[in-house]
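**Student:** Structure: my_file_36.cif, mmCIF, C-alpha atoms and all ligand atoms.
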```
data_work
#
loop_
_atom_site.label_atom_id
_atom_site.label_comp_id
_atom_site.auth_asym_id
_atom_site.auth_seq_id
_atom_site.Cartn_x
_atom_site.Cartn_y
_atom_site.Cartn_z
CA MET A 214 0.00 0.00 0.00
CA THR A 215 1.33 3.44 -0.85
CA HIS A 216 1.12 6.00 1.90
CA LYS A 217 0.55 9.61 1.01
CA ASN A 218 2.30 12.02 3.27
CA LEU A 219 0.21 13.64 5.95
CA SER A 220 -0.22 16.93 4.11
CA GLU A 221 -2.00 15.10 1.28
CA GLN A 222 -4.43 13.30 3.58
CA ALA A 223 -7.97 14.52 4.14
CA THR A 224 -7.67 16.99 6.97
CA VAL A 225 -9.34 16.31 10.27
CA ARG A 226 -11.97 19.05 10.46
CA HIS A 227 -14.33 20.16 13.22
CA ASP A 228 -16.33 22.71 11.26
CA TRP A 229 -18.67 20.61 9.12
CA ASP A 230 -21.85 22.34 8.14
CA ILE A 231 -25.12 20.50 7.79
CA GLU A 232 -25.45 21.13 4.03
CA GLU A 233 -22.10 19.50 3.30
CA ILE A 234 -23.14 16.45 5.30
CA LEU A 235 -26.54 16.22 3.62
CA ASP A 236 -24.82 16.49 0.24
CA LEU A 237 -22.59 13.56 1.15
CA LEU A 238 -25.52 11.47 2.42
CA ASN A 239 -27.43 12.23 -0.79
CA SER A 240 -24.55 11.74 -3.23
CA SER A 241 -24.58 8.81 -5.64
CA PHE A 242 -23.72 5.54 -3.93
CA ASN A 243 -20.60 4.78 -5.96
CA ASP A 244 -19.20 8.29 -5.56
CA LEU A 245 -19.77 8.16 -1.82
CA ILE A 246 -18.23 4.72 -1.31
CA PHE A 247 -15.22 5.57 -3.49
CA LYS A 248 -14.56 8.73 -1.52
CA ALA A 249 -14.96 6.99 1.83
CA GLN A 250 -12.73 4.07 0.85
CA SER A 251 -10.05 6.43 -0.51
CA ILE A 252 -9.97 8.34 2.77
CA HIS A 253 -10.04 5.08 4.72
CA ARG A 254 -6.87 3.96 2.93
CA ASP A 255 -5.09 7.18 3.86
CA TYR A 256 -5.53 6.40 7.53
CA PHE A 257 -5.94 2.63 7.94
CA ASN A 258 -4.94 -0.72 6.58
CA PRO A 259 -8.09 -1.57 4.57
CA ASN A 260 -7.70 -5.27 5.34
CA GLU A 261 -7.83 -5.00 9.11
CA VAL A 262 -10.94 -4.96 11.27
CA GLN A 263 -10.67 -4.54 15.04
CA LEU A 264 -12.65 -6.87 17.30
CA SER A 265 -14.34 -5.80 20.54
CA THR A 266 -16.28 -8.23 22.72
CA LEU A 267 -19.19 -7.04 24.85
CA LEU A 268 -20.34 -8.18 28.26
CA ASN A 269 -23.30 -6.80 30.16
CA ILE A 270 -22.03 -6.69 33.74
CA LYS A 271 -25.33 -5.46 35.21
CA THR A 272 -28.65 -6.23 33.53
CA GLY A 273 -32.06 -4.59 33.60
CA THR A 274 -34.11 -2.51 36.09
CA CYS A 275 -32.71 0.74 34.68
CA SER A 276 -34.49 3.94 35.79
CA GLU A 277 -34.22 5.51 32.31
CA ASP A 278 -36.84 5.32 29.55
CA CYS A 279 -34.72 5.02 26.38
CA ALA A 280 -37.33 3.83 23.88
CA TYR A 281 -35.05 1.27 22.21
CA CYS A 282 -33.77 -0.40 25.34
CA SER A 283 -34.58 -3.88 26.65
CA GLN A 284 -33.17 -2.93 30.07
CA SER A 285 -35.44 -0.05 31.06
CA ALA A 286 -37.57 -0.91 34.11
CA ARG A 287 -40.49 0.80 32.36
CA TYR A 288 -40.99 -1.76 29.62
CA ASN A 289 -42.11 -5.33 29.76
CA THR A 290 -39.32 -7.20 28.01
CA GLU A 291 -38.12 -10.79 28.23
CA ILE A 292 -34.75 -10.11 29.85
CA LYS A 293 -33.70 -11.49 33.24
CA SER A 294 -32.34 -8.82 35.59
CA GLN A 295 -28.96 -9.42 37.15
CA ALA A 296 -27.01 -7.47 39.79
CA LEU A 297 -23.45 -6.28 39.14
CA MET A 298 -21.31 -9.34 38.35
CA ASP A 299 -18.37 -10.53 40.45
CA VAL A 300 -14.89 -9.45 39.45
CA GLU A 301 -13.81 -13.09 38.88
CA SER A 302 -16.70 -13.88 36.51
CA VAL A 303 -16.05 -10.75 34.42
CA VAL A 304 -12.32 -11.49 34.22
CA ALA A 305 -13.05 -15.09 33.18
CA ALA A 306 -15.32 -13.85 30.36
CA ALA A 307 -12.64 -11.39 29.27
CA GLU A 308 -10.04 -14.18 29.18
CA GLN A 309 -12.33 -16.17 26.91
CA ALA A 310 -12.85 -13.15 24.64
CA LYS A 311 -9.09 -12.70 24.37
CA ALA A 312 -8.63 -16.40 23.53
CA ASN A 313 -11.22 -15.97 20.76
CA GLY A 314 -9.27 -13.09 19.21
CA ALA A 315 -10.81 -9.91 20.65
CA THR A 316 -8.43 -7.06 21.46
CA ARG A 317 -10.87 -4.93 23.47
CA PHE A 318 -13.35 -5.92 26.17
CA CYS A 319 -16.37 -3.64 26.52
CA MET A 320 -18.47 -3.83 29.65
CA GLY A 321 -21.96 -2.36 29.93
CA ALA A 322 -24.18 -1.65 32.91
CA ALA A 323 -27.85 -0.72 32.88
CA TRP A 324 -27.48 2.36 35.01
CA ARG A 325 -28.48 6.01 34.65
CA SER A 326 -25.09 6.58 36.33
CA PRO A 327 -22.89 4.41 38.57
CA LYS A 328 -23.79 4.35 42.26
CA GLN A 329 -21.17 5.08 44.89
CA ARG A 330 -21.71 1.65 46.47
CA ASP A 331 -20.84 -0.18 43.22
CA PHE A 332 -17.93 1.95 42.15
CA ALA A 333 -15.10 0.20 44.06
CA LYS A 334 -16.08 -3.10 42.40
CA VAL A 335 -16.24 -1.46 38.98
CA LEU A 336 -12.67 -0.22 39.46
CA GLU A 337 -11.52 -3.74 40.47
CA ILE A 338 -13.14 -5.09 37.32
CA VAL A 339 -11.22 -2.58 35.17
CA LYS A 340 -7.94 -3.55 36.85
CA GLY A 341 -8.61 -7.28 36.43
CA VAL A 342 -9.46 -7.03 32.72
CA LYS A 343 -6.61 -4.63 31.98
CA ALA A 344 -4.15 -7.05 33.61
CA LEU A 345 -5.01 -9.61 30.90
CA GLY A 346 -3.46 -7.29 28.32
CA LEU A 347 -6.80 -6.36 26.76
CA GLU A 348 -7.95 -2.86 25.99
CA THR A 349 -10.78 -1.95 28.34
CA CYS A 350 -14.01 -0.10 27.65
CA MET A 351 -16.97 0.60 29.90
CA THR A 352 -20.42 2.07 29.40
CA LEU A 353 -22.08 2.83 32.73
CA GLY A 354 -24.29 5.82 31.98
CA MET A 355 -23.57 9.39 33.07
CA LEU A 356 -20.25 10.08 34.80
CA ASN A 357 -19.10 13.03 36.85
CA ALA A 358 -15.53 14.31 36.59
CA GLU A 359 -14.33 12.42 39.64
CA GLN A 360 -15.73 9.09 38.46
CA ALA A 361 -14.09 9.57 35.07
CA ASP A 362 -10.73 10.30 36.75
CA LEU A 363 -11.00 7.19 38.95
CA LEU A 364 -11.77 4.99 35.93
CA LYS A 365 -8.75 6.39 34.12
CA GLU A 366 -6.52 5.74 37.14
CA ALA A 367 -7.76 2.15 37.32
CA GLY A 368 -6.59 1.56 33.74
CA LEU A 369 -9.71 2.15 31.67
CA ASP A 370 -8.86 2.92 28.01
CA TYR A 371 -12.25 3.83 26.47
CA TYR A 372 -15.60 5.07 27.75
CA ASN A 373 -18.68 4.47 25.59
CA HIS A 374 -21.48 7.00 25.82
CA ASN A 375 -23.63 7.34 22.71
CA LEU A 376 -25.50 10.41 21.55
CA ASP A 377 -27.78 7.95 19.79
CA THR A 378 -29.59 10.44 17.52
CA SER A 379 -29.84 14.18 16.78
CA ALA A 380 -30.43 16.73 19.55
CA ALA A 381 -33.81 17.50 17.93
CA HIS A 382 -34.99 13.87 17.86
CA TYR A 383 -33.57 12.93 21.28
CA SER A 384 -36.66 13.94 23.27
CA GLN A 385 -38.76 11.54 21.15
CA ILE A 386 -36.51 8.72 22.33
CA VAL A 387 -35.62 9.55 25.96
CA SER A 388 -37.31 11.81 28.52
CA THR A 389 -35.38 10.96 31.71
CA HIS A 390 -32.13 12.67 30.71
CA SER A 391 -31.18 15.27 28.15
CA TYR A 392 -28.84 15.61 25.20
CA LYS A 393 -26.89 18.11 27.27
CA ASP A 394 -26.45 15.47 30.01
CA ARG A 395 -24.90 13.21 27.36
CA LEU A 396 -22.57 15.98 26.13
CA ASP A 397 -21.55 16.84 29.70
CA THR A 398 -20.53 13.24 30.38
CA LEU A 399 -18.55 13.18 27.12
CA ALA A 400 -16.72 16.31 28.27
CA ASN A 401 -15.93 14.71 31.65
CA VAL A 402 -14.62 11.60 29.93
CA ARG A 403 -12.42 13.66 27.61
CA ALA A 404 -11.13 15.80 30.49
CA ALA A 405 -10.04 12.60 32.28
CA ASP A 406 -7.96 11.72 29.20
CA LEU A 407 -10.00 8.61 28.48
CA LYS A 408 -10.58 7.65 24.84
CA VAL A 409 -14.13 8.41 23.76
CA CYS A 410 -16.42 5.88 22.09
CA CYS A 411 -19.54 7.67 20.91
CA GLY A 412 -22.01 7.03 18.13
CA GLY A 413 -25.66 6.38 17.48
CA ILE A 414 -28.50 4.18 16.35
CA LEU A 415 -30.19 4.21 12.95
CA GLY A 416 -33.80 3.16 12.51
CA MET A 417 -35.53 4.99 15.35
CA GLY A 418 -37.89 6.99 13.11
CA GLU A 419 -35.32 9.71 12.47
CA THR A 420 -35.18 11.79 9.29
CA LEU A 421 -32.19 12.13 7.01
CA GLY A 422 -31.71 15.55 8.61
CA ASP A 423 -31.49 13.90 12.05
CA ARG A 424 -28.82 11.52 10.79
CA ALA A 425 -26.87 14.43 9.32
CA ALA A 426 -27.22 16.37 12.59
CA LEU A 427 -25.98 13.43 14.69
CA LEU A 428 -22.95 13.03 12.41
CA GLN A 429 -22.35 16.77 12.54
CA THR A 430 -22.45 16.83 16.36
CA LEU A 431 -19.97 13.95 16.52
CA ALA A 432 -17.62 15.44 13.92
CA ASN A 433 -17.70 18.92 15.44
CA LEU A 434 -16.84 17.83 18.99
CA PRO A 435 -13.58 19.49 20.13
CA ALA A 436 -11.86 16.15 19.44
CA HIS A 437 -13.35 13.35 17.37
CA PRO A 438 -14.36 10.25 19.34
CA GLU A 439 -11.61 7.67 18.80
CA SER A 440 -14.34 5.13 18.22
CA VAL A 441 -17.72 5.71 16.56
CA PRO A 442 -20.24 2.88 16.84
CA ILE A 443 -22.98 2.95 14.23
CA ASN A 444 -25.79 0.72 15.48
CA GLN A 445 -28.82 -0.44 13.57
CA LEU A 446 -31.79 -0.61 15.93
CA VAL A 447 -32.38 -4.13 17.23
CA PRO A 448 -36.15 -3.97 17.79
CA VAL A 449 -36.93 -5.46 21.20
CA PRO A 450 -40.52 -6.62 21.77
CA GLY A 451 -42.11 -4.74 24.67
CA THR A 452 -40.18 -1.50 24.05
CA PRO A 453 -41.85 1.47 22.30
CA LEU A 454 -39.63 0.77 19.26
CA GLY A 455 -40.31 -2.97 19.31
CA ASP A 456 -41.98 -3.10 15.93
CA VAL A 457 -40.61 -0.22 13.88
CA GLN A 458 -39.76 -0.89 10.27
CA GLU A 459 -36.20 -1.82 9.34
CA ILE A 460 -34.20 0.84 7.51
CA ASP A 461 -33.01 0.51 3.92
CA PRO A 462 -29.72 -1.40 4.28
CA PHE A 463 -27.98 1.06 1.93
CA ASP A 464 -28.71 3.83 4.44
CA MET A 465 -26.53 2.00 6.96
CA VAL A 466 -23.72 1.85 4.39
CA ARG A 467 -24.16 5.52 3.54
CA CYS A 468 -24.00 6.62 7.18
CA ILE A 469 -20.86 4.58 7.74
CA ALA A 470 -19.29 6.13 4.64
CA VAL A 471 -20.14 9.65 5.78
CA ALA A 472 -18.85 8.94 9.31
CA ARG A 473 -15.58 7.73 7.73
CA ILE A 474 -15.27 10.92 5.65
CA LEU A 475 -16.10 13.28 8.54
CA MET A 476 -13.92 11.47 11.11
CA PRO A 477 -11.12 10.03 8.98
CA ALA A 478 -8.82 8.97 11.81
CA SER A 479 -11.49 7.37 14.02
CA ASP A 480 -12.45 3.74 14.23
CA ILE A 481 -15.93 3.38 12.75
CA ARG A 482 -17.69 0.36 14.27
CA LEU A 483 -20.35 -1.63 12.46
CA SER A 484 -22.20 -2.34 15.72
CA ALA A 485 -25.65 -3.69 16.65
CA GLY A 486 -27.69 -5.16 13.82
CA ARG A 487 -25.09 -7.43 12.22
CA ALA A 488 -27.08 -10.54 13.19
CA SER A 489 -29.71 -9.61 10.61
CA MET A 490 -27.26 -8.46 7.91
CA SER A 491 -26.05 -10.55 4.99
CA ASP A 492 -22.34 -11.16 4.52
CA GLU A 493 -22.54 -9.01 1.40
CA LEU A 494 -24.05 -6.06 3.25
CA GLN A 495 -21.37 -6.31 5.93
CA ALA A 496 -18.69 -6.38 3.22
CA LEU A 497 -20.17 -3.17 1.79
CA CYS A 498 -19.98 -1.59 5.26
CA PHE A 499 -16.28 -2.50 5.45
CA LEU A 500 -15.77 -1.07 1.96
CA ALA A 501 -17.47 2.14 3.17
CA GLY A 502 -14.87 2.43 5.93
CA ALA A 503 -16.09 0.42 8.92
CA ASN A 504 -13.00 -1.03 10.58
CA SER A 505 -14.31 -2.45 13.84
CA ILE A 506 -17.08 -4.80 14.98
CA PHE A 507 -18.57 -6.34 18.09
CA TYR A 508 -17.46 -9.95 18.07
CA GLY A 509 -19.00 -12.69 20.21
CA GLU A 510 -22.30 -14.56 20.53
CA LYS A 511 -24.06 -11.76 22.38
CA LEU A 512 -24.25 -7.97 22.35
CA LEU A 513 -25.64 -6.80 25.73
CA THR A 514 -28.97 -8.61 25.92
CA THR A 515 -29.59 -9.61 22.29
CA GLY A 516 -27.86 -12.01 19.93
CA ASN A 517 -24.93 -11.00 17.73
CA ALA A 518 -23.71 -12.41 14.43
CA ALA A 519 -22.39 -15.97 14.98
CA VAL A 520 -18.67 -16.22 15.74
CA GLU A 521 -18.22 -19.06 13.24
CA ASN A 522 -19.83 -16.97 10.51
CA ASP A 523 -17.54 -14.02 11.37
CA ARG A 524 -14.51 -16.29 11.09
CA GLN A 525 -15.62 -17.51 7.68
CA LEU A 526 -16.52 -14.00 6.54
CA PHE A 527 -13.14 -12.61 7.58
CA ASN A 528 -11.46 -15.47 5.80
CA ARG A 529 -13.46 -14.88 2.63
CA LEU A 530 -12.63 -11.16 2.71
CA GLY A 531 -8.93 -11.68 3.43
CA PHE A 532 -8.92 -10.16 6.92
CA ASN A 533 -6.35 -12.14 8.83
CA ASN A 534 -6.97 -11.53 12.52
CA ILE A 535 -9.37 -14.43 13.27
N1 LIG B 601 -26.79 2.63 30.44
C1 LIG B 601 -25.69 3.11 29.69
C2 LIG B 601 -26.09 4.17 28.70
O1 LIG B 601 -27.26 4.27 28.37
O2 LIG B 601 -25.21 4.89 28.25
C3 LIG B 601 -24.92 2.02 28.99
C4 LIG B 601 -25.64 0.87 28.32
S1 LIG B 601 -26.62 1.30 26.91
C5 LIG B 601 -27.52 -0.19 26.70
C6 LIG B 601 -25.44 1.43 25.61
C7 LIG B 601 -25.90 1.74 24.21
O3 LIG B 601 -26.38 0.58 23.59
C8 LIG B 601 -27.01 2.74 24.02
O4 LIG B 601 -26.59 4.06 24.11
C9 LIG B 601 -27.46 2.43 22.60
O5 LIG B 601 -26.72 3.19 21.67
C10 LIG B 601 -27.12 0.96 22.45
N2 LIG B 601 -28.36 0.15 22.37
C11 LIG B 601 -29.11 -0.23 23.41
N3 LIG B 601 -30.19 -0.93 22.99
C12 LIG B 601 -30.10 -1.00 21.64
C13 LIG B 601 -30.93 -1.59 20.63
N4 LIG B 601 -32.05 -2.23 20.93
N5 LIG B 601 -30.53 -1.48 19.34
C14 LIG B 601 -29.39 -0.81 19.04
N6 LIG B 601 -28.59 -0.24 19.95
C15 LIG B 601 -28.93 -0.32 21.24
C1 LIG B 602 -22.84 0.42 21.24
O1 LIG B 602 -22.82 1.45 20.55
N1 LIG B 602 -23.55 -0.66 20.97
C2 LIG B 602 -23.38 -1.66 21.98
C3 LIG B 602 -22.36 -1.00 22.94
N2 LIG B 602 -22.17 0.28 22.35
C4 LIG B 602 -22.63 -0.94 24.38
C5 LIG B 602 -24.67 -2.13 22.56
C6 LIG B 602 -25.66 -2.67 21.55
C7 LIG B 602 -26.85 -3.18 22.30
C8 LIG B 602 -27.84 -3.88 21.42
C9 LIG B 602 -29.04 -4.33 22.16
C10 LIG B 602 -28.79 -5.30 23.27
O2 LIG B 602 -28.07 -6.32 23.08
O3 LIG B 602 -29.38 -5.12 24.34
FE1 LIG B 603 -30.79 2.50 30.89
FE2 LIG B 603 -28.76 2.75 29.18
FE3 LIG B 603 -30.94 1.28 28.55
FE4 LIG B 603 -31.14 3.93 28.66
S1 LIG B 603 -29.85 2.74 27.22
S2 LIG B 603 -32.58 2.45 29.55
S3 LIG B 603 -29.73 4.40 30.34
S4 LIG B 603 -29.47 0.84 30.15
#
```
Turn this file's structure into structure tokens for me.
**Tutor:**
Amino acid sequence: MTHKNLSEQATVRHDWDIEEILDLLNSSFNDLIFKAQSIHRDYFNPNEVQLSTLLNIKTGTCSEDCAYCSQSARYNTEIKSQALMDVESVVAAAEQAKANGATRFCMGAAWRSPKQRDFAKVLEIVKGVKALGLETCMTLGMLNAEQADLLKEAGLDYYNHNLDTSAAHYSQIVSTHSYKDRLDTLANVRAADLKVCCGGILGMGETLGDRAALLQTLANLPAHPESVPINQLVPVPGTPLGDVQEIDPFDMVRCIAVARILMPASDIRLSAGRASMSDELQALCFLAGANSIFYGEKLLTTGNAAVENDRQLFNRLGFNNI
């Protein structure tokens, strides 16, 4: 692969205007994918896809009302609630993920924000997983500055906190916290020198303008999130979004391509929704610049693409890491 020197690469900008982003989203498919793949090659090896494995370390009974979520106490969903897991069980799951080829272990908790009484254990979990030589990521809800600092000290690498949709559409999806709350947590995470993982969900009744606005907010943050998960809604029966219509698969590819163009140096993760995607659609997402996935039988509470299928797919596409 030939490397252009840095001055020839697409510059990392933080001043995208909404029209530019809409133009990209609306451009012809081939033009968009070519542009995204060209930029991707300036920054990344196009034949490498990073693998993160998820574990839900605390399940259900969440006070929040996020309309997509199986773990809100407000909706009648099939999941079985579970208190915060023991350090040993989390570390054992992380060991298994490492043996399977993951390089990052992402732990989620169904909290509005972590409680004081749980925090010491959370820090022990970070230390235990980090000691295995894995990258660590947590998503625990809102954090204050002190909590973010303590996580950093314990060895946390990434904090995931998604904006999920546009500021305008957010109140249709969540009423128990605000978009500003999300942005404040992101600022606390950044100030603690943690890497930021922040993205959204497609398929929650948003307009093209909402998608553009979400991408604009992400790209115009003072620093781009190092990792940008693009989720397709997994409709969960019992939630308000349990039976919404699936999006046009090409819209997923387009959003990934635009995320790649706007945030050229960030990892763009093809996240929830892979279980219902064909191999060919996933290959298009990688061509559009996705370079990371969630790998493992389960996401948080729902099924993920099968590990054996991922191995075969990577083999067929010439990605060598599993
Ligand atoms: N409670 C924390 C929070 O809300 O930030 C962490 C866990 S929460 C489940 C993490 C993220 O998972 C959400 O922000 C959302 O982007 C994603 N997510 C949850 N349910 C989903 C679903 N049904 N389909 C797609 N993504 C989902
Ligand atoms: C992210 O953006 N997606 C992941 C992770 N970050 C925490 C979660 C997807 C959850 C899908 C629904 C579920 O399994 O409950
Ligand atoms: Fe709770 Fe997070 Fe689910 Fe919202 S997304 S209901 S905060 S677990």
**Student:** Need the shell around range 271-276 of chain A: protein/DNA/RNA residues with any atom at most 8 Å away, counting all atoms listed in the file. Skip same-chain ones fewer than 5 positions apart. Format as a list in words?
**Tutor:** Ser283, Gln284, Ser285, Ala286, Arg287, Ile292, Lys293, Ser294, Gln295, Ala296, Leu297, Met298, Gly321, Ala322, Ala323, Trp324, Arg325 and Thr514 of chain A
**Student:** Any idea what's packed within 7 Å of range 470-480 of chain A, counting all atoms listed in the file, ignoring anything in its chain fewer than 4 positions away? Could you give it as a count of residues only?
**Tutor:** 21
**Student:** Just the number, please: distance in Å from atom C8 of ligand LIG 602 (chain B) to CA of Arg317 in chain A, one decimal.
**Tutor:**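 Separation between atom C8 of ligand LIG 602 (chain B) and CA of Arg317 in chain A: 17.1 Å.
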**Student:** Just give me the gap between CA of Val262 in chain A and CA of Val449 in chain A in Å, one decimal is fine.
**Tutor:**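 That distance, rounded to one decimal, is 27.8 Å.
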**Student:** Given only C-alpha atoms as the basis, pick out the residue of A:Leu356, A:Ile469, A:Val409, A:Leu415 nearest to Asp394 in chain A.
**Tutor:** A:Leu356
**Student:** Under the rule of at most 10 Å, produce a per-residue listing of chain A near ligand LIG 602 (chain B): chain, number, name, the closest pair of atoms, and the distance in Å, as JSON lines, using all atoms listed in the file.
**Tutor:**
```
{"residue": "A:Ser265", "atom": "CA", "partner": "B:LIG602", "partner_atom": "C3", "distance": 9.6}
{"residue": "A:Thr266", "atom": "CA", "partner": "B:LIG602", "partner_atom": "C3", "distance": 9.4}
{"residue": "A:Leu267", "atom": "CA", "partner": "B:LIG602", "partner_atom": "C4", "distance": 7.0}
{"residue": "A:Leu268", "atom": "CA", "partner": "B:LIG602", "partner_atom": "C4", "distance": 8.5}
{"residue": "A:Asn269", "atom": "CA", "partner": "B:LIG602", "partner_atom": "C4", "distance": 8.3}
{"residue": "A:Thr272", "atom": "CA", "partner": "B:LIG602", "partner_atom": "O3", "distance": 9.3}
{"residue": "A:Gly273", "atom": "CA", "partner": "B:LIG602", "partner_atom": "O3", "distance": 9.7}
{"residue": "A:Tyr281", "atom": "CA", "partner": "B:LIG602", "partner_atom": "C9", "distance": 8.2}
{"residue": "A:Cys282", "atom": "CA", "partner": "B:LIG602", "partner_atom": "O3", "distance": 6.5}
{"residue": "A:Ser283", "atom": "CA", "partner": "B:LIG602", "partner_atom": "O3", "distance": 5.8}
{"residue": "A:Gln284", "atom": "CA", "partner": "B:LIG602", "partner_atom": "O3", "distance": 7.2}
{"residue": "A:Ile292", "atom": "CA", "partner": "B:LIG602", "partner_atom": "O3", "distance": 9.2}
{"residue": "A:Cys319", "atom": "CA", "partner": "B:LIG602", "partner_atom": "C4", "distance": 7.1}
{"residue": "A:Met320", "atom": "CA", "partner": "B:LIG602", "partner_atom": "C4", "distance": 7.3}
{"residue": "A:Gly321", "atom": "CA", "partner": "B:LIG602", "partner_atom": "C4", "distance": 5.8}
{"residue": "A:Ala322", "atom": "CA", "partner": "B:LIG602", "partner_atom": "C4", "distance": 8.7}
{"residue": "A:Ala323", "atom": "CA", "partner": "B:LIG602", "partner_atom": "O3", "distance": 9.7}
{"residue": "A:Cys350", "atom": "CA", "partner": "B:LIG602", "partner_atom": "C4", "distance": 9.3}
{"residue": "A:Met351", "atom": "CA", "partner": "B:LIG602", "partner_atom": "C4", "distance": 8.1}
{"residue": "A:Thr352", "atom": "CA", "partner": "B:LIG602", "partner_atom": "C4", "distance": 6.3}
{"residue": "A:Leu353", "atom": "CA", "partner": "B:LIG602", "partner_atom": "C4", "distance": 9.2}
{"residue": "A:Tyr372", "atom": "CA", "partner": "B:LIG602", "partner_atom": "N2", "distance": 9.8}
{"residue": "A:Asn373", "atom": "CA", "partner": "B:LIG602", "partner_atom": "N2", "distance": 6.3}
{"residue": "A:His374", "atom": "CA", "partner": "B:LIG602", "partner_atom": "N2", "distance": 7.6}
{"residue": "A:Asn375", "atom": "CA", "partner": "B:LIG602", "partner_atom": "O1", "distance": 6.3}
{"residue": "A:Leu376", "atom": "CA", "partner": "B:LIG602", "partner_atom": "O1", "distance": 9.4}
{"residue": "A:Asp377", "atom": "CA", "partner": "B:LIG602", "partner_atom": "O1", "distance": 8.2}
{"residue": "A:Cys410", "atom": "CA", "partner": "B:LIG602", "partner_atom": "O1", "distance": 7.9}
{"residue": "A:Cys411", "atom": "CA", "partner": "B:LIG602", "partner_atom": "O1", "distance": 7.0}
{"residue": "A:Gly412", "atom": "CA", "partner": "B:LIG602", "partner_atom": "O1", "distance": 6.1}
{"residue": "A:Gly413", "atom": "CA", "partner": "B:LIG602", "partner_atom": "O1", "distance": 6.5}
{"residue": "A:Ile414", "atom": "CA", "partner": "B:LIG602", "partner_atom": "O1", "distance": 7.6}
{"residue": "A:Ser440", "atom": "CA", "partner": "B:LIG602", "partner_atom": "O1", "distance": 9.5}
{"residue": "A:Val441", "atom": "CA", "partner": "B:LIG602", "partner_atom": "O1", "distance": 7.8}
{"residue": "A:Pro442", "atom": "CA", "partner": "B:LIG602", "partner_atom": "O1", "distance": 4.7}
{"residue": "A:Ile443", "atom": "CA", "partner": "B:LIG602", "partner_atom": "O1", "distance": 6.5}
{"residue": "A:Asn444", "atom": "CA", "partner": "B:LIG602", "partner_atom": "O1", "distance": 5.9}
{"residue": "A:Gln445", "atom": "CA", "partner": "B:LIG602", "partner_atom": "C8", "distance": 8.6}
{"residue": "A:Leu446", "atom": "CA", "partner": "B:LIG602", "partner_atom": "C8", "distance": 7.5}
{"residue": "A:Val447", "atom": "CA", "partner": "B:LIG602", "partner_atom": "C9", "distance": 6.0}
{"residue": "A:Pro448", "atom": "CA", "partner": "B:LIG602", "partner_atom": "C9", "distance": 8.4}
{"residue": "A:Val449", "atom": "CA", "partner": "B:LIG602", "partner_atom": "C9", "distance": 8.0}
{"residue": "A:Arg482", "atom": "CA", "partner": "B:LIG602", "partner_atom": "O1", "distance": 8.2}
{"residue": "A:Leu483", "atom": "CA", "partner": "B:LIG602", "partner_atom": "O1", "distance": 9.0}
{"residue": "A:Ser484", "atom": "CA", "partner": "B:LIG602", "partner_atom": "N1", "distance": 5.7}
{"residue": "A:Ala485", "atom": "CA", "partner": "B:LIG602", "partner_atom": "C6", "distance": 5.0}
{"residue": "A:Gly486", "atom": "CA", "partner": "B:LIG602", "partner_atom": "C8", "distance": 7.7}
{"residue": "A:Ile506", "atom": "CA", "partner": "B:LIG602", "partner_atom": "N1", "distance": 9.7}
{"residue": "A:Phe507", "atom": "CA", "partner": "B:LIG602", "partner_atom": "C2", "distance": 7.8}
{"residue": "A:Lys511", "atom": "CA", "partner": "B:LIG602", "partner_atom": "O2", "distance": 6.8}
{"residue": "A:Leu512", "atom": "CA", "partner": "B:LIG602", "partner_atom": "O2", "distance": 4.2}
{"residue": "A:Leu513", "atom": "CA", "partner": "B:LIG602", "partner_atom": "O2", "distance": 3.6}
{"residue": "A:Thr514", "atom": "CA", "partner": "B:LIG602", "partner_atom": "O2", "distance": 3.8}
{"residue": "A:Thr515", "atom": "CA", "partner": "B:LIG602", "partner_atom": "O2", "distance": 3.7}
{"residue": "A:Gly516", "atom": "CA", "partner": "B:LIG602", "partner_atom": "O2", "distance": 6.5}
{"residue": "A:Asn517", "atom": "CA", "partner": "B:LIG602", "partner_atom": "O2", "distance": 7.8}
```
**Student:** Calculate how many Å separate CA of Gln458 in chain A from atom FE2 of ligand LIG 603 (chain B), rounding to one decimal.
**Tutor:**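 Between CA of Gln458 in chain A and atom FE2 of ligand LIG 603 (chain B) the gap is 22.2 Å.
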**Student:** Go through A:Cys279, A:Ala518, A:Leu264, A:Ala405 and flag the residue nearest Ala315 in chain A, using all atoms listed in the file for the distances.
**Tutor:**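 Closest candidate: A:Leu264.
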**Student:** So, with only C-alpha atoms and all ligand atoms as the atoms that count, which of A:Arg529, A:Arg487, A:Lys311, A:His227 lies closest to ligand LIG 601 (chain B)?
**Tutor:**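 Counting only C-alpha atoms and all ligand atoms, the residue closest to ligand LIG 601 (chain B) is A:Arg487.
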**Student:** Which centre and which edge lengths, in Å to one decimal, describe the axis-aligned box that holds all listed atoms of ligand LIG 601 (chain B) after 6 Å is added on each side, as JSON?
**Tutor:**
```
{"center_x": -28.5, "center_y": 1.3, "center_z": 24.7, "size_x": 19.1, "size_y": 19.1, "size_z": 23.4}
```
**Student:** Need to verify the contact set: Ala312 in chain A, 12 Å, all atoms listed in the file, exclusion of same-chain residues closer than 2 positions in sequence. Can you return it as a list of chain:residue names?
**Tutor:**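 Using all atoms listed in the file, the neighbours found are A:Thr266, A:Ala305, A:Ala306, A:Ala307, A:Glu308, A:Gln309, A:Ala310, A:Gly314, A:Ala315, A:Thr316, A:Arg317, A:Phe318, A:Leu345, A:Gly346, A:Leu347, A:Gly509, A:Ile535.
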**Student:** With all atoms listed in the file as the atoms that count, which of A:Ser491, A:Thr224, A:Thr378, A:Gln385 lies nearest to ligand LIG 601 (chain B)?
**Tutor:**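 Among the listed residues, the smallest separation from ligand LIG 601 (chain B) belongs to A:Thr378.
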**Student:** For ligand LIG 601 (chain B), which of A:Glu459, A:Asp236, A:Glu366, A:Glu348 is the closest residue, counting all atoms listed in the file?
**Tutor:** A:Glu459
